[in-house]
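Colleague: Below is the file start34.txt, with compact mmCIF, C-alpha atoms and all ligand atoms.
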```txt
# COMPACT_ATOMS: atom_id res chain seq x y z
CA SER B 6 0.00 0.00 0.00
CA SER B 7 1.55 3.17 -1.19
CA ALA B 8 1.26 6.52 0.54
CA PHE B 9 0.19 7.80 -2.86
CA ALA B 10 -2.34 5.11 -3.72
CA ASN B 11 -4.74 7.64 -5.15
CA LEU B 12 -2.24 9.12 -7.53
CA THR B 13 -3.06 8.53 -11.19
CA ILE B 14 -1.27 9.48 -14.37
CA LEU B 15 -2.78 12.59 -15.88
CA PRO B 16 -3.11 13.21 -19.60
CA PRO B 17 -0.59 15.70 -21.00
CA ASP B 18 -1.57 19.37 -20.86
CA PRO B 19 -3.60 19.90 -24.05
CA LEU B 20 -1.43 22.75 -25.30
CA PHE B 21 2.02 21.62 -24.24
CA GLY B 22 1.08 18.05 -25.31
CA LEU B 23 0.25 19.40 -28.75
CA SER B 24 3.58 21.17 -28.82
CA ALA B 25 5.38 17.90 -27.98
CA ARG B 26 3.58 16.04 -30.80
CA PHE B 27 4.51 18.84 -33.19
CA LYS B 28 8.18 18.63 -32.19
CA ALA B 29 8.18 14.85 -32.65
CA ASP B 30 6.57 15.09 -36.12
CA THR B 31 9.25 14.51 -38.78
CA ARG B 32 7.29 15.91 -41.75
CA ALA B 33 9.24 18.80 -43.24
CA ASN B 34 6.17 20.85 -44.08
CA LYS B 35 4.44 20.58 -40.68
CA VAL B 36 2.79 23.77 -39.40
CA ASP B 37 2.38 24.78 -35.77
CA LEU B 38 -0.78 26.77 -35.14
CA GLY B 39 -0.92 25.60 -31.52
CA ILE B 40 0.78 27.60 -28.87
CA GLY B 41 0.20 31.35 -28.73
CA ALA B 42 3.69 32.58 -29.45
CA TYR B 43 4.58 35.05 -32.19
CA ARG B 44 6.56 33.78 -35.18
CA ASP B 45 8.14 35.83 -37.93
CA ASN B 46 7.45 35.35 -41.64
CA GLN B 47 10.04 32.53 -41.65
CA GLY B 48 8.16 30.77 -38.86
CA LYS B 49 10.90 31.57 -36.34
CA PRO B 50 10.66 32.99 -32.80
CA TRP B 51 11.26 36.73 -32.87
CA ILE B 52 13.30 38.77 -30.43
CA LEU B 53 11.81 42.26 -30.64
CA PRO B 54 14.30 44.90 -31.86
CA SER B 55 13.37 46.99 -28.78
CA VAL B 56 14.34 44.04 -26.58
CA ARG B 57 17.67 43.52 -28.38
CA LEU B 58 18.51 47.19 -27.78
CA ALA B 59 17.42 46.99 -24.14
CA GLU B 60 19.57 43.90 -23.54
CA LYS B 61 22.56 45.67 -25.04
CA LYS B 62 21.97 48.70 -22.85
CA LEU B 63 21.57 46.56 -19.72
CA HIS B 64 24.75 44.60 -20.30
CA ALA B 65 26.72 47.77 -21.00
CA ASP B 66 25.81 49.10 -17.55
CA PRO B 67 28.83 48.51 -15.26
CA THR B 68 26.55 48.17 -12.21
CA TYR B 69 24.53 45.32 -13.80
CA ASN B 70 24.37 42.25 -11.56
CA HIS B 71 22.28 39.24 -10.57
CA GLU B 72 21.35 40.19 -7.02
CA TYR B 73 17.95 39.27 -5.60
CA LEU B 74 15.10 41.65 -6.32
CA SER B 75 12.93 42.71 -3.40
CA ILE B 76 9.84 40.62 -2.64
CA SER B 77 7.62 43.11 -4.47
CA GLY B 78 9.86 43.00 -7.54
CA PHE B 79 11.72 45.55 -9.63
CA GLU B 80 10.06 48.90 -8.95
CA PRO B 81 11.07 50.59 -12.25
CA PHE B 82 9.32 47.65 -13.96
CA THR B 83 6.14 47.53 -11.89
CA SER B 84 5.57 51.29 -11.95
CA ALA B 85 6.20 51.53 -15.70
CA ALA B 86 3.86 48.57 -16.19
CA ALA B 87 1.11 50.50 -14.38
CA ARG B 88 1.62 53.43 -16.76
CA VAL B 89 1.37 51.11 -19.77
CA ILE B 90 -1.96 49.66 -18.78
CA LEU B 91 -3.54 52.78 -17.23
CA GLY B 92 -1.95 55.54 -19.30
CA ASN B 93 0.75 58.02 -18.26
CA SER B 94 -1.61 60.60 -16.90
CA SER B 95 -3.99 58.24 -15.14
CA PRO B 96 -5.46 59.79 -11.97
CA VAL B 97 -5.03 56.39 -10.33
CA ILE B 98 -1.26 56.82 -10.55
CA GLN B 99 -1.32 60.51 -9.66
CA ASP B 100 -3.50 59.80 -6.60
CA ASN B 101 -1.47 56.78 -5.56
CA ARG B 102 -4.47 54.46 -5.66
CA ILE B 103 -2.57 51.47 -6.98
CA VAL B 104 -0.51 48.65 -5.58
CA SER B 105 1.69 46.92 -8.17
CA ILE B 106 3.59 43.74 -7.33
CA GLN B 107 5.73 41.73 -9.75
CA SER B 108 4.53 38.25 -10.64
CA LEU B 109 5.61 35.19 -12.60
CA SER B 110 4.14 36.52 -15.82
CA GLY B 111 0.37 36.52 -16.33
CA THR B 112 -0.15 33.05 -14.92
CA GLY B 113 1.65 34.00 -11.71
CA ALA B 114 -0.39 37.19 -11.43
CA LEU B 115 -3.60 35.19 -11.76
CA HIS B 116 -2.38 32.69 -9.21
CA VAL B 117 -1.49 35.41 -6.71
CA ALA B 118 -4.88 37.04 -7.34
CA ALA B 119 -6.60 33.71 -6.70
CA SER B 120 -4.69 33.09 -3.51
CA PHE B 121 -5.29 36.67 -2.28
CA LEU B 122 -9.01 36.49 -3.04
CA LYS B 123 -9.32 33.08 -1.39
CA GLN B 124 -7.73 34.36 1.81
CA PHE B 125 -9.11 37.85 2.10
CA TYR B 126 -12.08 38.54 -0.13
CA THR B 127 -15.19 39.21 1.96
CA GLY B 128 -17.12 41.20 -0.63
CA SER B 129 -19.43 38.43 -1.78
CA ASP B 130 -22.88 37.44 -0.50
CA ALA B 131 -22.12 33.79 -1.15
CA ALA B 132 -18.90 31.77 -1.24
CA PRO B 133 -16.84 33.85 -3.69
CA THR B 134 -17.13 32.57 -7.23
CA VAL B 135 -14.99 33.59 -10.16
CA TYR B 136 -17.07 33.87 -13.33
CA ILE B 137 -15.09 32.93 -16.41
CA SER B 138 -16.02 33.32 -20.07
CA LYS B 139 -17.18 30.26 -21.96
CA PRO B 140 -14.91 29.37 -23.65
CA THR B 141 -11.70 30.65 -22.14
CA TRP B 142 -7.97 30.03 -21.91
CA ALA B 143 -7.84 26.50 -20.51
CA ASN B 144 -5.57 27.41 -17.62
CA HIS B 145 -7.99 29.92 -16.06
CA ILE B 146 -10.21 27.29 -14.54
CA GLN B 147 -7.47 25.25 -12.91
CA ILE B 148 -5.64 28.32 -11.59
CA PHE B 149 -8.70 29.32 -9.55
CA GLU B 150 -9.78 25.81 -8.65
CA SER B 151 -6.36 24.86 -7.38
CA ALA B 152 -6.48 27.91 -5.11
CA GLY B 153 -9.77 26.60 -3.75
CA ILE B 154 -12.00 29.19 -5.39
CA GLN B 155 -15.24 28.19 -7.03
CA THR B 156 -15.60 28.90 -10.71
CA ALA B 157 -18.65 29.36 -12.91
CA PHE B 158 -19.09 30.37 -16.54
CA TYR B 159 -20.69 33.32 -18.24
CA PRO B 160 -21.80 32.81 -21.85
CA TYR B 161 -19.52 34.55 -24.33
CA TRP B 162 -19.29 32.97 -27.75
CA ASN B 163 -22.44 32.24 -29.71
CA ASP B 164 -21.44 29.40 -31.98
CA ALA B 165 -24.39 29.79 -34.31
CA THR B 166 -23.74 33.47 -35.05
CA LYS B 167 -19.98 33.39 -34.36
CA SER B 168 -20.46 36.53 -32.31
CA LEU B 169 -20.76 37.70 -28.72
CA ASP B 170 -23.66 36.35 -26.67
CA LEU B 171 -24.16 39.72 -25.01
CA GLU B 172 -27.64 38.92 -23.73
CA GLY B 173 -26.50 35.75 -21.98
CA TYR B 174 -23.42 37.50 -20.67
CA LEU B 175 -25.40 40.39 -19.13
CA ALA B 176 -28.05 38.04 -17.73
CA THR B 177 -25.35 36.03 -15.94
CA ILE B 178 -23.79 39.18 -14.49
CA THR B 179 -27.19 40.18 -13.13
CA ALA B 180 -28.04 36.74 -11.78
CA ALA B 181 -24.69 36.15 -10.03
CA PRO B 182 -24.61 36.61 -6.24
CA ARG B 183 -23.70 40.20 -5.32
CA GLY B 184 -19.96 40.65 -5.03
CA SER B 185 -18.94 37.83 -7.36
CA ILE B 186 -15.66 38.07 -9.24
CA PHE B 187 -15.73 38.53 -13.02
CA LEU B 188 -12.62 37.52 -14.91
CA LEU B 189 -12.43 39.67 -18.05
CA HIS B 190 -10.04 39.33 -20.98
CA ALA B 191 -8.81 42.90 -21.41
CA CYS B 192 -8.45 42.44 -25.19
CA ALA B 193 -7.74 39.77 -27.80
CA HIS B 194 -9.99 37.21 -26.12
CA ASN B 195 -8.41 33.77 -25.98
CA PRO B 196 -9.49 31.53 -27.69
CA THR B 197 -12.13 33.30 -29.76
CA GLY B 198 -10.30 36.46 -30.90
CA LEU B 199 -13.65 38.21 -30.37
CA ASP B 200 -13.75 41.30 -28.14
CA PRO B 201 -16.79 43.28 -27.08
CA THR B 202 -17.21 46.63 -28.82
CA GLN B 203 -16.79 49.76 -26.68
CA ALA B 204 -20.58 50.10 -26.44
CA GLN B 205 -20.84 46.48 -25.29
CA TRP B 206 -18.02 46.95 -22.76
CA LYS B 207 -19.89 49.92 -21.28
CA GLN B 208 -22.91 47.70 -20.70
CA ILE B 209 -20.83 44.85 -19.32
CA ILE B 210 -18.85 47.00 -16.91
CA SER B 211 -21.82 48.99 -15.66
CA SER B 212 -23.73 45.75 -15.05
CA ILE B 213 -20.77 44.35 -13.12
CA TYR B 214 -20.64 47.45 -10.94
CA ALA B 215 -24.42 47.52 -10.48
CA LYS B 216 -24.18 44.15 -8.74
CA GLY B 217 -21.11 45.07 -6.69
CA HIS B 218 -18.99 42.50 -8.52
CA LEU B 219 -15.22 42.71 -8.62
CA PRO B 220 -13.65 43.04 -12.08
CA LEU B 221 -10.48 41.02 -12.49
CA PHE B 222 -8.79 41.87 -15.77
CA ASP B 223 -6.46 39.46 -17.49
CA SER B 224 -4.31 41.60 -19.79
CA ALA B 225 -2.07 39.24 -21.73
CA TYR B 226 -2.20 40.85 -25.19
CA GLN B 227 -2.11 44.64 -24.84
CA GLY B 228 -0.89 46.06 -28.16
CA PHE B 229 -1.35 42.73 -29.90
CA ALA B 230 -4.98 43.12 -30.86
CA SER B 231 -4.90 46.46 -32.63
CA GLY B 232 -1.21 47.36 -32.58
CA SER B 233 -2.11 50.23 -30.23
CA LEU B 234 -1.46 50.04 -26.50
CA GLU B 235 -4.13 52.68 -25.94
CA ALA B 236 -6.89 51.02 -27.95
CA ASP B 237 -6.21 47.65 -26.35
CA ALA B 238 -6.41 49.11 -22.84
CA TRP B 239 -9.77 50.75 -23.49
CA ALA B 240 -11.88 48.35 -21.43
CA VAL B 241 -9.53 48.47 -18.45
CA ARG B 242 -9.36 52.26 -18.55
CA HIS B 243 -13.13 52.52 -18.86
CA ALA B 244 -13.57 50.28 -15.81
CA VAL B 245 -11.07 52.43 -13.91
CA ALA B 246 -12.73 55.68 -14.98
CA THR B 247 -16.13 54.49 -13.78
CA GLN B 248 -14.96 52.67 -10.66
CA PRO B 249 -17.51 53.05 -7.85
CA GLN B 250 -16.56 53.77 -4.24
CA ASP B 251 -15.91 50.70 -2.10
CA SER B 252 -14.76 48.62 -5.02
CA THR B 253 -11.46 47.16 -6.04
CA ILE B 254 -10.19 46.36 -9.52
CA LEU B 255 -7.54 43.74 -10.04
CA ILE B 256 -5.36 43.57 -13.16
CA CYS B 257 -3.13 40.65 -14.07
CA GLN B 258 -0.64 41.90 -16.63
CA SER B 259 1.67 39.80 -18.75
CA PHE B 260 4.57 40.94 -20.93
CA ALA B 261 5.02 37.46 -22.40
CA LYS B 262 3.43 38.23 -25.75
CA ASN B 263 3.65 41.98 -26.22
CA VAL B 264 7.35 42.18 -25.36
CA GLY B 265 8.05 38.61 -26.49
CA MET B 266 9.43 37.71 -23.06
CA TYR B 267 7.56 34.38 -22.90
CA GLY B 268 10.06 32.33 -20.91
CA GLU B 269 11.34 35.19 -18.78
CA ARG B 270 8.09 35.39 -16.81
CA ALA B 271 7.68 39.15 -16.56
CA GLY B 272 4.30 40.13 -15.14
CA VAL B 273 2.57 42.33 -12.60
CA ILE B 274 -0.52 42.16 -10.40
CA HIS B 275 -2.14 45.53 -9.80
CA ALA B 276 -4.83 46.34 -7.25
CA ILE B 277 -6.68 49.64 -7.75
CA THR B 278 -8.70 51.24 -4.99
CA PRO B 279 -11.31 53.98 -5.55
CA LYS B 280 -9.71 56.58 -3.30
CA PHE B 281 -6.33 57.02 -1.71
CA ASN B 282 -6.11 55.02 1.50
CA LYS B 283 -2.59 54.63 2.78
CA ASP B 284 -3.40 51.85 5.24
CA LEU B 285 -5.44 49.84 2.74
CA ASN B 286 -2.64 50.14 0.17
CA ALA B 287 -0.13 48.96 2.73
CA ALA B 288 -2.37 46.08 3.81
CA ILE B 289 -2.88 44.93 0.22
CA SER B 290 0.80 45.29 -0.60
CA THR B 291 2.14 43.49 2.47
CA ASN B 292 -0.30 40.60 2.12
CA LEU B 293 0.46 40.15 -1.56
CA GLN B 294 4.15 40.16 -0.63
CA LYS B 295 3.54 37.54 2.04
CA ILE B 296 2.11 35.26 -0.64
CA ILE B 297 5.10 35.92 -2.91
CA ARG B 298 7.61 35.37 -0.10
CA SER B 299 6.21 31.94 0.78
CA GLU B 300 5.95 30.79 -2.81
CA LEU B 301 8.97 32.18 -4.65
CA SER B 302 10.65 34.51 -2.17
CA ASN B 303 11.25 37.11 -4.87
CA PRO B 304 10.53 37.21 -8.59
CA PRO B 305 12.94 36.62 -11.48
CA ALA B 306 15.01 39.69 -12.30
CA TYR B 307 16.16 39.40 -15.88
CA GLY B 308 12.90 39.83 -17.79
CA ALA B 309 11.78 42.61 -15.46
CA LYS B 310 15.00 44.53 -16.08
CA VAL B 311 14.73 44.12 -19.84
CA VAL B 312 11.08 45.19 -19.93
CA ALA B 313 11.78 48.09 -17.56
CA THR B 314 14.55 49.26 -19.89
CA VAL B 315 12.20 49.16 -22.86
CA LEU B 316 9.45 50.98 -20.99
CA ASN B 317 11.63 53.62 -19.32
CA THR B 318 13.89 54.54 -22.26
CA PRO B 319 11.97 56.88 -24.58
CA GLU B 320 13.66 55.73 -27.82
CA LEU B 321 13.14 52.07 -26.91
CA TYR B 322 9.51 52.70 -26.07
CA VAL B 323 9.03 54.18 -29.53
CA GLN B 324 10.76 51.13 -31.02
CA TRP B 325 8.51 48.84 -28.95
CA GLU B 326 5.41 50.56 -30.33
CA LYS B 327 6.76 49.88 -33.84
CA ASP B 328 7.42 46.26 -32.89
CA LEU B 329 3.80 45.89 -31.77
CA VAL B 330 2.66 47.19 -35.14
CA THR B 331 5.04 44.78 -36.90
CA MET B 332 3.57 41.82 -35.03
CA SER B 333 -0.09 42.79 -35.13
CA SER B 334 -0.03 43.81 -38.77
CA ARG B 335 1.72 40.61 -39.88
CA ILE B 336 -0.99 38.68 -38.09
CA SER B 337 -3.74 40.74 -39.77
CA THR B 338 -2.12 40.14 -43.15
CA MET B 339 -2.12 36.40 -42.49
CA ARG B 340 -5.79 36.49 -41.47
CA ARG B 341 -6.64 38.11 -44.80
CA ALA B 342 -4.41 35.70 -46.71
CA LEU B 343 -5.99 32.62 -45.13
CA LYS B 344 -9.51 33.87 -45.76
CA ALA B 345 -8.63 34.73 -49.39
CA GLU B 346 -7.08 31.28 -50.01
CA LEU B 347 -10.13 29.53 -48.54
CA GLU B 348 -12.41 31.60 -50.75
CA VAL B 349 -10.34 30.81 -53.84
CA LEU B 350 -10.69 27.13 -52.99
CA GLN B 351 -14.42 27.66 -52.41
CA THR B 352 -14.13 25.86 -49.13
CA PRO B 353 -17.65 25.33 -47.75
CA GLY B 354 -18.65 27.79 -45.04
CA LYS B 355 -18.10 31.47 -44.42
CA TRP B 356 -14.67 32.65 -43.34
CA ASP B 357 -15.26 36.32 -42.56
CA HIS B 358 -14.81 35.64 -38.85
CA ILE B 359 -11.11 34.94 -39.46
CA VAL B 360 -10.54 38.58 -40.40
CA GLU B 361 -13.08 39.97 -37.94
CA GLN B 362 -11.35 38.34 -34.96
CA GLN B 363 -8.25 39.93 -33.54
CA GLY B 364 -5.17 39.13 -31.52
CA MET B 365 -3.09 36.00 -31.74
CA PHE B 366 -5.92 33.53 -32.30
CA SER B 367 -8.66 32.61 -34.64
CA PHE B 368 -11.54 30.44 -33.55
CA THR B 369 -11.86 28.75 -36.91
CA GLY B 370 -15.06 26.83 -36.34
CA LEU B 371 -13.34 23.57 -37.31
CA SER B 372 -14.59 20.55 -35.35
CA ALA B 373 -12.40 18.36 -33.16
CA ARG B 374 -12.55 15.65 -35.87
CA GLU B 375 -11.47 18.06 -38.57
CA VAL B 376 -8.65 19.32 -36.35
CA GLN B 377 -7.49 15.74 -35.76
CA ARG B 378 -7.46 15.04 -39.48
CA LEU B 379 -5.54 18.25 -40.11
CA GLU B 380 -2.85 17.03 -37.75
CA GLU B 381 -2.74 13.40 -38.86
CA THR B 382 -3.07 13.85 -42.61
CA HIS B 383 -1.53 17.25 -43.16
CA GLY B 384 0.80 17.94 -40.23
CA VAL B 385 -1.12 21.12 -39.41
CA TYR B 386 -1.43 21.42 -35.64
CA MET B 387 -4.08 23.38 -33.77
CA VAL B 388 -6.02 22.99 -30.51
CA SER B 389 -8.98 20.58 -30.68
CA SER B 390 -11.41 23.47 -30.04
CA GLY B 391 -10.51 24.73 -33.51
CA ARG B 392 -8.41 27.59 -32.17
CA ALA B 393 -5.54 28.45 -34.51
CA SER B 394 -2.63 30.64 -33.55
CA VAL B 395 -2.54 32.90 -36.60
CA ALA B 396 1.03 33.85 -35.68
CA GLY B 397 2.07 30.41 -36.95
CA LEU B 398 1.01 31.32 -40.50
CA ASN B 399 3.41 32.91 -42.96
CA GLU B 400 3.69 33.54 -46.68
CA GLY B 401 5.40 30.20 -47.08
CA ASN B 402 2.69 28.04 -45.49
CA VAL B 403 -0.65 29.82 -45.68
CA LYS B 404 -1.62 28.28 -49.04
CA ARG B 405 -0.85 24.79 -47.80
CA VAL B 406 -2.81 25.37 -44.59
CA ALA B 407 -5.80 26.58 -46.62
CA GLN B 408 -5.56 23.50 -48.86
CA ALA B 409 -5.39 21.28 -45.78
CA ILE B 410 -8.43 22.97 -44.22
CA ASN B 411 -10.24 22.68 -47.54
CA GLU B 412 -9.50 18.95 -47.66
CA VAL B 413 -10.75 18.29 -44.12
CA VAL B 414 -13.99 20.24 -44.41
CA VAL B 415 -14.99 19.12 -47.89
N1 LIG B 501 -4.07 34.88 -19.96
C1 LIG B 501 -4.36 34.51 -21.20
C2 LIG B 501 -5.73 34.74 -21.72
C3 LIG B 501 -3.40 33.90 -21.98
O1 LIG B 501 -3.72 33.51 -23.22
C4 LIG B 501 -2.12 33.68 -21.45
C5 LIG B 501 -1.09 32.98 -22.25
O2 LIG B 501 -1.34 32.26 -23.15
C6 LIG B 501 -1.86 34.13 -20.14
C7 LIG B 501 -2.87 34.71 -19.43
C8 LIG B 501 -0.58 34.01 -19.41
O3 LIG B 501 0.56 33.82 -20.04
P1 LIG B 501 1.93 34.00 -19.28
O4 LIG B 501 1.82 33.29 -17.97
O5 LIG B 501 2.91 33.37 -20.18
O6 LIG B 501 2.11 35.46 -19.09
```
Turn the structure described in the file into structure tokens.
Ligand code: PLP
Modeller:
Amino acid sequence: SSAFANLTILPPDPLFGLSARFKADTRANKVDLGIGAYRDNQGKPWILPSVRLAEKKLHADPTYNHEYLSISGFEPFTSAAARVILGNSSPVIQDNRIVSIQSLSGTGALHVAASFLKQFYTGSDAAPTVYISKPTWANHIQIFESAGIQTAFYPYWNDATKSLDLEGYLATITAAPRGSIFLLHACAHNPTGLDPTQAQWKQIISSIYAKGHLPLFDSAYQGFASGSLEADAWAVRHAVATQPQDSTILICQSFAKNVGMYGERAGVIHAITPKFNKDLNAAISTNLQKIIRSELSNPPAYGAKVVATVLNTPELYVQWEKDLVTMSSRISTMRRALKAELEVLQTPGKWDHIVEQQGMFSFTGLSAREVQRLEETHGVYMVSSGRASVAGLNEGNVKRVAQAINEVVV
């Protein structure tokens, strides 16, 4: 009798399992539309020019070293990160209504948020529940469940119309127990690539506030959806501008995609209070730091220093904004190319949604069986939900991908 008799072998993580199958595939013309990581037109990982320059600058600094950061992280990084998401002249920053703590990228920020809410959140009428869009990034559910927080879904994607189920979404907000937590994709919704319009966001956010719910933004793609940091932060900034008294907004911010720092784990958790309260800020900050101290002691330094250099050096910031346009416009070009190829092939179905969606992903509408056949017969890999990472397309493979899709749906 083992002390771990109940332990069973789990299936591989759907996304990282897909990535392993792709790597093991020996076909020369295989195509990876799985994991959400930017690729250049040659299908290669891309170090942003702004990042290359920042790394050079960092290494040229004679005081550069590998000392521990503080528990709360690298302050020039966390404060610049707040300015990126809220805007330079945000009253929140001027009034000191924000606590910003470094995290292990977006996932770590979500985990710290979950742990913090589990321990301290008393704002809900019922046991606190995090409402998550259906569908969502697969990791959301297990991040909250492993912290012991209940999860529930709000309707999001209407499969029949391939558009937002706004009615269902708003009805769920209204029906949820007062003080529930609503996890919102700040932009470039994963997996659907479908974001609410500004008018829809206004309705969503005012309904959330009307029920005293707590908005928890997951901002993993700022600048990736439209190429503009401002446009992609619109929903967050609207929520901040209309924040009621006695409410808190949480933001989980990742620089994995928009600075291309995937493996360096550069992220921030921000808590925004409605009015300046020194003691509340200190209480939030010290308790978040207690979580960090027990779990990782202090966050990784390298990515934070690189991102801070990009954000705090005016010429590098300008370069970064160009890099965002490079990435987002290449992705838009590939969306148009894929749609055009499918139309040339007269592939059954309508493909407008591919160009209407934004961000890294397209929710193609392909079934799990079609996706499986794409992988087995054609070496084209995407998630079984039909989500394709458009960043994996390039001028050299888009025709072949369209032909493969055409073959599996015909
Ligand atoms: N949130 C969403 C919606 C994502 O798609 C991702 C990455 O795929 C993340 C958060 C977190 O990524 P990371 O932990 O690499 O910052």
Colleague: Near Ser75 of chain B, counting only C-alpha atoms, which residues have an atom at most 8 Å away, once you skip same-chain residues fewer than 4 positions from it, shown as a PyMOL selection string?
Modeller: chain B and resi 79+303-304
Colleague: Which value, in Å to one decimal, gives the distance between atom CA of Ser120 of chain B and atom CA of Ile277 of chain B?
Modeller: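 Pair atom CA of Ser120 of chain B / atom CA of Ile277 of chain B returns 17.2 Å.
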Colleague: Is it possible to get the axis-aligned box enclosing segment 381-387 of chain B (all listed atoms, 6 Å extra per side) as JSON, with centre and edge lengths in Å rounded to one decimal?
Modeller:
```
{"center_x": -1.6, "center_y": 18.4, "center_z": -38.5, "size_x": 16.9, "size_y": 22.0, "size_z": 21.4}
```
Colleague: I'd like the neighbourhood of Gly39 of chain B as a list in words, where a residue qualifies if any of its atoms comes within 6 Å (using all atoms listed in the file), though same-chain residues fewer than 6 positions away should be ignored.
Modeller: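 That gives Tyr386, Met387, Val388 and Ser394 of chain B.
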Colleague: Which chains and residue numbers are within 10 Å of ligand LIG 501 (chain B), counting all atoms listed in the file, if I want them as JSON, numbers by chain?
Modeller: {"B": [20, 40, 41, 42, 108, 109, 110, 111, 112, 113, 114, 115, 116, 141, 142, 143, 144, 145, 189, 190, 191, 192, 193, 194, 195, 196, 222, 223, 224, 225, 226, 257, 258, 259, 260, 261, 262, 263, 265, 266, 267, 268, 269, 270, 271, 272, 273, 365, 366]}
Colleague: To one decimal in Å, tell me the separation between atom CA of Ala204 of chain B and atom CA of Pro220 of chain B.
Modeller: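 These two atoms are separated by 17.4 Å.
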Colleague: What does the structure give for the distance between atom CA of Ser138 of chain B and atom CA of Glu361 of chain B, in Å to one decimal?
Modeller: 19.3 Å
Colleague: Fewer than 5 positions away in the same chain doesn't count, so skip those; otherwise give me all residues within 10 Å of Pro249 of chain B, counting all atoms listed in the file, as a list in words.
Modeller: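 Answer for this query is Ser211, Tyr214, Ala215, Gly217, Ala244, Thr278, Pro279 and Lys280 of chain B.
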Colleague: Keeping only C-alpha atoms, write the selected residues to a file as a PDB file, in the coordinates of the input.
Modeller:
```
ATOM      1  CA  SER B 211     -21.820  48.990 -15.660  1.00  0.00           C
ATOM      2  CA  TYR B 214     -20.640  47.450 -10.940  1.00  0.00           C
ATOM      3  CA  ALA B 215     -24.420  47.520 -10.480  1.00  0.00           C
ATOM      4  CA  GLY B 217     -21.110  45.070  -6.690  1.00  0.00           C
ATOM      5  CA  ALA B 244     -13.570  50.280 -15.810  1.00  0.00           C
ATOM      6  CA  THR B 278      -8.700  51.240  -4.990  1.00  0.00           C
ATOM      7  CA  PRO B 279     -11.310  53.980  -5.550  1.00  0.00           C
ATOM      8  CA  LYS B 280      -9.710  56.580  -3.300  1.00  0.00           C
TER       9      LYS B 280
END
```
Colleague: I need the residue nearest Trp325 of chain B from this list: B:Ser55, B:Thr247, B:Asn411, B:Thr68. Use only C-alpha atoms for the distance.
Modeller: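 The answer is B:Ser55, which sits nearest to Trp325 of chain B.
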Colleague: Restricting the calculation to all atoms listed in the file: of B:Ala246, B:Leu58, B:Ile359, B:Ile148, which residue gets closest to Pro96 of chain B?
Modeller: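 Checking each of B:Ala246, B:Leu58, B:Ile359, B:Ile148 against Pro96 of chain B, counting all atoms listed in the file, the winner is B:Ala246.
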Colleague: What lies within 8 Å of segment 163-180 of chain B using all atoms listed in the file, ignoring chain neighbours under 4 positions off, as a list of chain:residue names?
Modeller: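 The residues that qualify are B:Tyr159, B:Leu199, B:Asp200, B:Pro201, B:Gln205, B:Gln208, B:Ile209, B:Ser212, B:Ile213, B:Lys216, B:His358.
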Colleague: Would you fill out segment 398-409 of chain B with N, CA and C atoms and return it as a PDB file, keeping the file's coordinate frame?
Modeller:
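Writing the result to part-v5.pdb gives the following:
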```pdb
ATOM      1  N   LEU B 398       1.129  31.257 -39.038  1.00  0.00           N
ATOM      2  CA  LEU B 398       1.010  31.320 -40.500  1.00  0.00           C
ATOM      3  C   LEU B 398       2.058  32.273 -41.068  1.00  0.00           C
ATOM      4  N   ASN B 399       2.503  31.979 -42.267  1.00  0.00           N
ATOM      5  CA  ASN B 399       3.410  32.910 -42.960  1.00  0.00           C
ATOM      6  C   ASN B 399       3.213  32.730 -44.466  1.00  0.00           C
ATOM      7  N   GLU B 400       3.883  33.579 -45.225  1.00  0.00           N
ATOM      8  CA  GLU B 400       3.690  33.540 -46.680  1.00  0.00           C
ATOM      9  C   GLU B 400       4.052  32.183 -47.267  1.00  0.00           C
ATOM     10  N   GLY B 401       4.941  31.485 -46.569  1.00  0.00           N
ATOM     11  CA  GLY B 401       5.400  30.200 -47.080  1.00  0.00           C
ATOM     12  C   GLY B 401       4.450  29.036 -46.784  1.00  0.00           C
ATOM     13  N   ASN B 402       3.527  29.205 -45.825  1.00  0.00           N
ATOM     14  CA  ASN B 402       2.690  28.040 -45.490  1.00  0.00           C
ATOM     15  C   ASN B 402       1.186  28.288 -45.575  1.00  0.00           C
ATOM     16  N   VAL B 403       0.787  29.532 -45.791  1.00  0.00           N
ATOM     17  CA  VAL B 403      -0.650  29.820 -45.680  1.00  0.00           C
ATOM     18  C   VAL B 403      -1.473  29.103 -46.756  1.00  0.00           C
ATOM     19  N   LYS B 404      -0.909  28.969 -47.954  1.00  0.00           N
ATOM     20  CA  LYS B 404      -1.620  28.280 -49.040  1.00  0.00           C
ATOM     21  C   LYS B 404      -1.828  26.805 -48.665  1.00  0.00           C
ATOM     22  N   ARG B 405      -0.771  26.198 -48.168  1.00  0.00           N
ATOM     23  CA  ARG B 405      -0.850  24.790 -47.800  1.00  0.00           C
ATOM     24  C   ARG B 405      -1.846  24.564 -46.658  1.00  0.00           C
ATOM     25  N   VAL B 406      -1.854  25.489 -45.700  1.00  0.00           N
ATOM     26  CA  VAL B 406      -2.810  25.370 -44.590  1.00  0.00           C
ATOM     27  C   VAL B 406      -4.235  25.479 -45.123  1.00  0.00           C
ATOM     28  N   ALA B 407      -4.457  26.428 -46.046  1.00  0.00           N
ATOM     29  CA  ALA B 407      -5.800  26.580 -46.620  1.00  0.00           C
ATOM     30  C   ALA B 407      -6.200  25.308 -47.373  1.00  0.00           C
ATOM     31  N   GLN B 408      -5.255  24.740 -48.124  1.00  0.00           N
ATOM     32  CA  GLN B 408      -5.560  23.500 -48.860  1.00  0.00           C
ATOM     33  C   GLN B 408      -5.896  22.363 -47.885  1.00  0.00           C
ATOM     34  N   ALA B 409      -5.149  22.324 -46.781  1.00  0.00           N
ATOM     35  CA  ALA B 409      -5.390  21.280 -45.780  1.00  0.00           C
ATOM     36  C   ALA B 409      -6.774  21.462 -45.157  1.00  0.00           C
TER      37      ALA B 409
END
```
